[in-house]
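**Student:** Take a look at this one; I'll ask things after.
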Amino acid sequence: MDGNSDYAPKLPSVSVRPSAEIEEGSSVNLTCSSDANPAANYTWYKKNSNADVPLLSEGPQLVFRSIQSSDSGQYFCRAENELGRSTSANIFIDVKYSPKLPSVSVRSSGEIKEGSSVTLNCSSDANPAANYTWYKEDGNLTSLNKGPQLVFSSIQSSDSGEYFCSAENELGKRTSEKVFIDVKCERNCLFKAKMCPVPGWATFTDLNFYNTPSFKFTICCSFRRC
């Protein structure tokens, strides 16, 4: 092939600057190059789950002035001239970022009562994945345990209070909003036809059963202060 021959673009190559780890907020340039005559025109694309891959930009460079976590993904470029076109291999851009604001969820079967099982979950979007620590705010800040879950297999009234978690990786640390756990005390109730025999127990008399005036009863309850 002599130097004056025209030919379609060869397989394009993609280079990334900087070549080191890419952190959120940094400037990143992707450059596409292909040997072609006449010179190729370049277009950039990002792969997604759809069959349709939208055009991102035209030109040999794709520039992110302040790259975001949502920009992570696979990119490729296409080189084209009047004699044909060629598509590069995919290149994966992995944007590292500190934890986003953690969220806390509480899992229990209804009202939280003494002796019940309660699980608190902490989650945060981060790359690399975050490490979690749980705290209780009770006048003093108490570190409880590490991991995304805080589990009470048999919660007690003394466990009532404000809890929060922190999410941390090598790029930073974020703390969740506080969540208040209100543990209800145990309550013992008896059905009685007469007044309660135990001093200090509360008495509820003449209660209707399913709004039936002819059926009335008394409940005795002991309330223990938490």
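To be explicit about the labels: the chains of the structure tokens are called A, B, and onward in the order shown, and within each one the residues are counted from 1, while ligands get numbers from 1 in the order they are shown.
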For A:Asp35, please output as a list in words all residues within 12 Å (counting only C-alpha atoms; exclusion window: fewer than 3 positions along the same chain).
**Tutor:**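 Once the nearby chain positions are removed, what remains is Asp6, Tyr7, Ala8, Pro9, Lys10, Leu11, Pro12, Ser13, Cys32, Pro38, Ala39, Ala40, Asn41, Tyr42, Ala79, Glu80, Asn81, Arg85 and Ser86 of chain A.
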**Student:** As a ChimeraX atom specification, please: the residues near stretch 147-163 of chain A (cut-off 9 Å, only C-alpha atoms, same-chain neighbours under 2 positions excluded).
**Tutor:** /A:112-123,131-138,144-145,165,167,177-185,226
**Student:** Taking the chain letters and numbering used in this document, name the residues of stretch 74-204 of chain A that DSSP puts in strand (DSSP E or B), as a PyMOL selection string.
**Tutor:** chain A and resi 74-81+84-87+91-93+95-97+103-107+113+118-123+127+131-138+140-146+149-152+161-169+172-175+179-181+184+187-192+202-204
